[in-house]
Every structure is written in structure tokens, then in C-alpha cells.
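Here is the structure we will look at.
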Amino acid sequence: MLYRKLPRVKEKLSVLGFGCMRLPTLDGKIDEAGAQAMIETALENGVNYIDTARPYHGGTSEPFVGRALKGARDRVLLATKLPSWLIDRREDMDFHLNEQLEQLQTDCVDFYFLHALSAPRWEKLLRLDVMGFMEKARAAGKIRYICFSFHDGLDTFKKIADAYGWDACLIQLNFLDDAFQAGLEGLRYARAKDIGVMVMEPLKGGSLALPMPKELESPARAAGYGKPTLADLGLRWVWNQPEVGLLLSGASDMEQMERNIASAANGFPGSLTEKELELVRAAKTFFAARMKVPCTGCGYCKPCPRGVEIPQCFGSLNNAAISGDWERYKASYNYLLGPDRPEEKAGECVECGICEPMCPQNIPIREKLKEVIAAFETN
């Protein structure tokens, strides 16, 4: 495992962090045996950073991580997040942190993030003296490093970065989204201010882990890239940026975890060849022309009061558009969300709009669900 150092952080971090947003599931719940085995494999291979948050897996991720790290807490740097959208009073901050410590079965969280900041959330938290809360929590030994995660525009990112001597921030970055939200410019801006930068969504919610499109096979061969997907290239593109401290990958099974670990062995800054960078440019053009919805499958839009499985609907639409095999994905959509789960189909949307303010990508969910209906629910 390779390690990198953040300017204001004492410890070195493994370049690969273990994200707990997409753990394996059984019957809609975390497959604890499978997830535990993945965490143990990650630790055995040198991963020393584990990231969770309140909303992951419907609120069950933090309690699971607490159980999973029993006996191994001193081997990892643990990160979780203050749910900014649930904070209406100063007392709410104390409530959430204290409950998180209890559920995580620890006295101290190493990296504590203000979660999913946007301009309105940041302004609200400032009015409630969130930085006073964070400083007090650190002085009490409940947290060690003060951080924020981000989903908004570049100007807002710079404003937040300028507001405090942050230990670290977490931004969305992949080679398809190099100018989206904070993007590469935000990455470099933060690093120039000695803010450590961590990256989420390096594979854009799994889009870069789909089978290699036929249209990219030729530039892949020219680059000497023989992988069946672009996942390895996507991870290494993030690591190629010297300003990146680590990336989080939310593996959903052991095979993905093992592939991530193998890729991390080559996660050096400035290591991509010109031919590999040409493949990146070709892939970016290909995906940009076909991607229907910029959904990463994060699930912040859930639960839908009608039960619509929004990320799966958009995933099916994107996969069909990228592959060109509309009939296959129509059949898959109607099988997965078939007679036993009709409430999860896009056609059940009543356009209440509750989901849209929660989407980090600012997707017009109601309108895009109509595209899913047209593609998969009409004859």
C-alpha cells in the first residue's frame, strides 16, 4: 500500500480509503459478514482510513462500523460527518456527535466533516456557530481533525476553503467530472492553502467500472491497457494528481475491494503515460456524449415517499445509453423492479419534489424519471 501525507495531519494516509456507503447487502440490509470480511481484507492490505456517515445504508452504516472495528480501532483513522441538513439548533450538533460516538463505539473520531456543504447549508451552520462547536469538540477530545465535504459550485468551495484553517476537505472528482463542483481547480486551490484533499466518486458511481465500450477498445490497446473496464484507469487518474491525499472507493463486494487494492499499488502521482491520458480524453468524450443523468448512486434522494428506487432507475438508463443495448437494460429494469416491487419503478413518481433538494448533483429528478418511463415502461 502506498501512503501520502496531508499538510496539517500527523499520520500518513493510505492512498485508498474504505468508503462505507455502498457495502454489500442482503434483503436490503448490510451483509455484515461480507462487509466485515472486506474491512479485514482492506486492513490486512494496508488500508488505514475508513469513512462513514449518518445517512449511509439508512442510518445503519455507523453502528455497523462500530461493531466491525471492535479490537481494531487503533489500526484505523476513522471518519464520519455532521449531517448539515439536520442541524436547526446549536444543540443538534452535540446530539449528533454524541450519538455517533456511541454508535461507533469510540471516544474520538479522527476526521469529522461538515457533511455535503452547499452555500445555504454553510451559511446556516455559520449562523449557528458551527466552527465554535467544532473547536469545542476538538478541545474535549471528541474529534481530532476539522474537515468539510462539498457539493456545490467552485466559488462557494473557495469561500468555504478561505473561511478556516481546515485540516481536510472531501470533494467529488473523476476524469469525467474534472470541472464539476470543486473540480481540479478547487483541488489545487485547497492544496495551495495547505488543506488536505480527499476524493469521493472516483468512478462516478460505478460508471467507469462498466464493461469496456467497443468504441474505446482501440485507444485502450494503443495505451497498452488490457483491463476489461476503465475502473483501474479511473482510480489511477485521481492518484495521478499530486494534490490528492487519498480517494474513497465504496466497494460493494470482495472482488471490487481486491481490484481497488491492486490498483492502489500503482497509485503514484504523475505516473500516467501520454497514451493513457489519450485514453482518458477519448473516454471522457465518449461518456459525455452518452451519459443521460449525472447520477452517482449516492442515495441521498432516498427514501422516496412513494418507494421509487431512484438511483437504480437512473443507473439502468445510463447503462443502456452507454452500452447502446436498450432492450437488454429494459428487460433487466422490468425484472429487477418487476411484479414484486412495482412501487420502485419510475412510473410511481407523483412529482412531489422532496428528493430534488437532497441531490448533490442537482439533478432535475422528476424530469429525468420521465425519461426512464419513456425508455423502459412504454411499449
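Naming works like this for the C-alpha cells: A, B, ... for the chains as they're shown, residue 1 at the start of each chain, ligands 1 onward in shown order.
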Discussion item. Among segment 46-238 of chain A, which residues does DSSP mark as alpha helix (DSSP H) when it is run on the backbone? Keep the chain and numbering as in the structure and answer as a ChimeraX atom specification.
Written reply: /A:61-68,90-104,119-127,130-139,154-162,183-192,217-222,231-238
I'd like the neighbourhood of Ala321 of chain A as a PDB file with C-alpha atoms, in the first residue's frame, where a residue qualifies if any of its atoms comes within 10 Å (using only C-alpha atoms), though same-chain residues fewer than 5 positions away should be ignored.
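Output file result_10.pdb is given in full below:
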ATOM      1  CA  PHE A 287     -19.157   9.166 -21.861  1.00  0.00           C
ATOM      2  CA  ALA A 289     -21.922  12.148 -25.377  1.00  0.00           C
ATOM      3  CA  ARG A 290     -23.913   9.256 -23.899  1.00  0.00           C
ATOM      4  CA  MET A 291     -24.481   9.798 -20.185  1.00  0.00           C
ATOM      5  CA  LYS A 292     -28.160  10.611 -19.639  1.00  0.00           C
ATOM      6  CA  VAL A 293     -28.099  11.505 -15.936  1.00  0.00           C
ATOM      7  CA  GLY A 315     -28.404   3.521 -13.306  1.00  0.00           C
ATOM      8  CA  SER A 316     -30.427   1.452 -15.759  1.00  0.00           C
ATOM      9  CA  TRP A 326     -31.602  -0.666 -24.715  1.00  0.00           C
ATOM     10  CA  TYR A 329     -31.500  -2.992 -19.904  1.00  0.00           C
TER      11      TYR A 329
END
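Backbone DSSP assigns strand (DSSP E) in segment 236-374 of chain A to Val244, Gly245, Leu246, Leu247, Leu248 and Ser249 of chain A.
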Exercise: Thr25 of chain A partners within 9 Å, only C-alpha atoms, chain neighbours under 6 positions left out, as a compact mmCIF listing (two decimals) with all heavy atoms, in the first residue's frame:
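Produced file out_11.txt, reproduced below:
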# COMPACT_ATOMS: atom_id res chain seq x y z
N ASP A 31 -24.97 -6.74 4.56
CA ASP A 31 -24.47 -8.11 4.74
C ASP A 31 -23.25 -8.01 5.65
O ASP A 31 -22.13 -7.80 5.20
CB ASP A 31 -24.11 -8.70 3.38
CG ASP A 31 -23.39 -10.04 3.48
OD1 ASP A 31 -23.32 -10.60 4.61
OD2 ASP A 31 -22.88 -10.52 2.45
N GLU A 32 -23.49 -8.14 6.94
CA GLU A 32 -22.43 -7.84 7.91
C GLU A 32 -21.24 -8.79 7.80
O GLU A 32 -20.10 -8.37 7.95
CB GLU A 32 -23.00 -7.83 9.33
CG GLU A 32 -24.02 -6.72 9.53
CD GLU A 32 -24.04 -6.16 10.94
OE1 GLU A 32 -23.20 -6.57 11.77
OE2 GLU A 32 -24.89 -5.31 11.22
N GLY A 34 -20.19 -10.33 5.05
CA GLY A 34 -19.44 -9.96 3.85
C GLY A 34 -18.71 -8.65 4.01
O GLY A 34 -17.55 -8.51 3.61
N ALA A 35 -19.38 -7.64 4.62
CA ALA A 35 -18.75 -6.34 4.81
C ALA A 35 -17.59 -6.43 5.81
O ALA A 35 -16.56 -5.78 5.64
CB ALA A 35 -19.79 -5.33 5.29
N SER A 252 -18.60 -2.75 -3.24
CA SER A 252 -19.81 -3.48 -2.85
C SER A 252 -19.61 -4.98 -2.74
O SER A 252 -20.53 -5.70 -2.37
CB SER A 252 -20.94 -3.19 -3.84
OG SER A 252 -21.29 -1.83 -3.83
Worksheet, complete the sentence: In terms of only C-alpha atoms, the residue from A:Glu185, A:Glu258, A:Glu62, A:Glu11 at minimal distance from Phe157 of chain A is A:Glu185
Discussion item. List as a VMD selection string the protein and nucleic acid residues near Leu176 of chain A, meaning an atom at most 8 Å away when only C-alpha atoms are counted, but skip any in the same chain fewer than 4 places from it.
Written reply: chain A and resid 204 284 287 to 288
Item to complete: With a distance cut-off of 8 Å and only C-alpha atoms, select the neighbouring residues of Cys355 of chain A, excluding the residue or stretch itself and same-chain residues fewer than 6 positions from it, and output the selection as JSON, numbers by chain.
Response: {"A": [300, 301, 302, 304, 365]}
Discussion item. Need the shell around Arg8 of chain A: protein/DNA/RNA residues with any atom at most 9 Å away, counting only C-alpha atoms. Skip same-chain ones fewer than 6 positions apart. Format as number ranges by chain?
Written reply: A: 145, 166-168, 194-196
Give me the residues of segment 113-164 of chain A that have any atom at most 9 Å from an atom of segment 81-87 of chain A; for each, the nearest atom pair and the distance in Å, rounded to one decimal. Use only C-alpha atoms, sort by chain and number, and format it as a Markdown table.
| residue | atom | partner | partner_atom | distance |
| --- | --- | --- | --- | --- |
| A:Phe113 | CA | A:Lys81 | CA | 4.4 |
| A:Leu114 | CA | A:Leu82 | CA | 5.1 |
| A:His115 | CA | A:Lys81 | CA | 5.3 |
| A:Ala116 | CA | A:Ser84 | CA | 7.1 |
| A:Leu117 | CA | A:Ser84 | CA | 7.1 |
| A:Arg121 | CA | A:Ser84 | CA | 6.4 |
| A:Trp122 | CA | A:Ser84 | CA | 8.1 |
| A:Lys124 | CA | A:Ile87 | CA | 8.6 |
| A:Leu125 | CA | A:Ser84 | CA | 7.4 |
| A:Leu128 | CA | A:Ile87 | CA | 8.8 |
| A:Cys147 | CA | A:Lys81 | CA | 8.8 |
| A:Phe148 | CA | A:Lys81 | CA | 8.2 |
| A:Ser149 | CA | A:Lys81 | CA | 8.3 |
Discussion item. List as a ChimeraX atom specification the protein and nucleic acid residues near Glu215 of chain A, meaning an atom at most 10 Å away when only C-alpha atoms are counted, but skip any in the same chain fewer than 4 places from it.
Written reply: /A:219-220,282-283,286,323
Worksheet item: Looking at A:Leu23, A:Val197, A:Met254, A:Leu210, which one is nearest to Val9 of chain A, with distances taken over only C-alpha atoms?
Response: A:Val197
Worksheet item: Which one is closest to Asn318 of chain A: A:Pro303, A:Gly250, A:Gly353, A:Gly205? Count only C-alpha atoms.
Response: A:Gly205
Fill in: Gap from atom CA of Val308 of chain A to atom CA of Tyr333 of chain A - Å, one decimal
12.7 Å
Worksheet item: Which of these residues is nearest to Asp177 of chain A, using only C-alpha atoms: A:Ile146, A:Gln103, A:Glu91, A:Gly234?
Response: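 Using only C-alpha atoms, the shortest distance to Asp177 of chain A belongs to A:Gly234.
Note that atom CA of Ile261 of chain A and atom CA of Arg22 of chain A are 16.6 Å apart.
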Worksheet item: To one decimal place, how far is atom CA of Asp129 of chain A from atom CA of Phe111 of chain A in Å?
Response: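 If I compute the distance from atom CA of Asp129 of chain A to atom CA of Phe111 of chain A, I get 19.1 Å.
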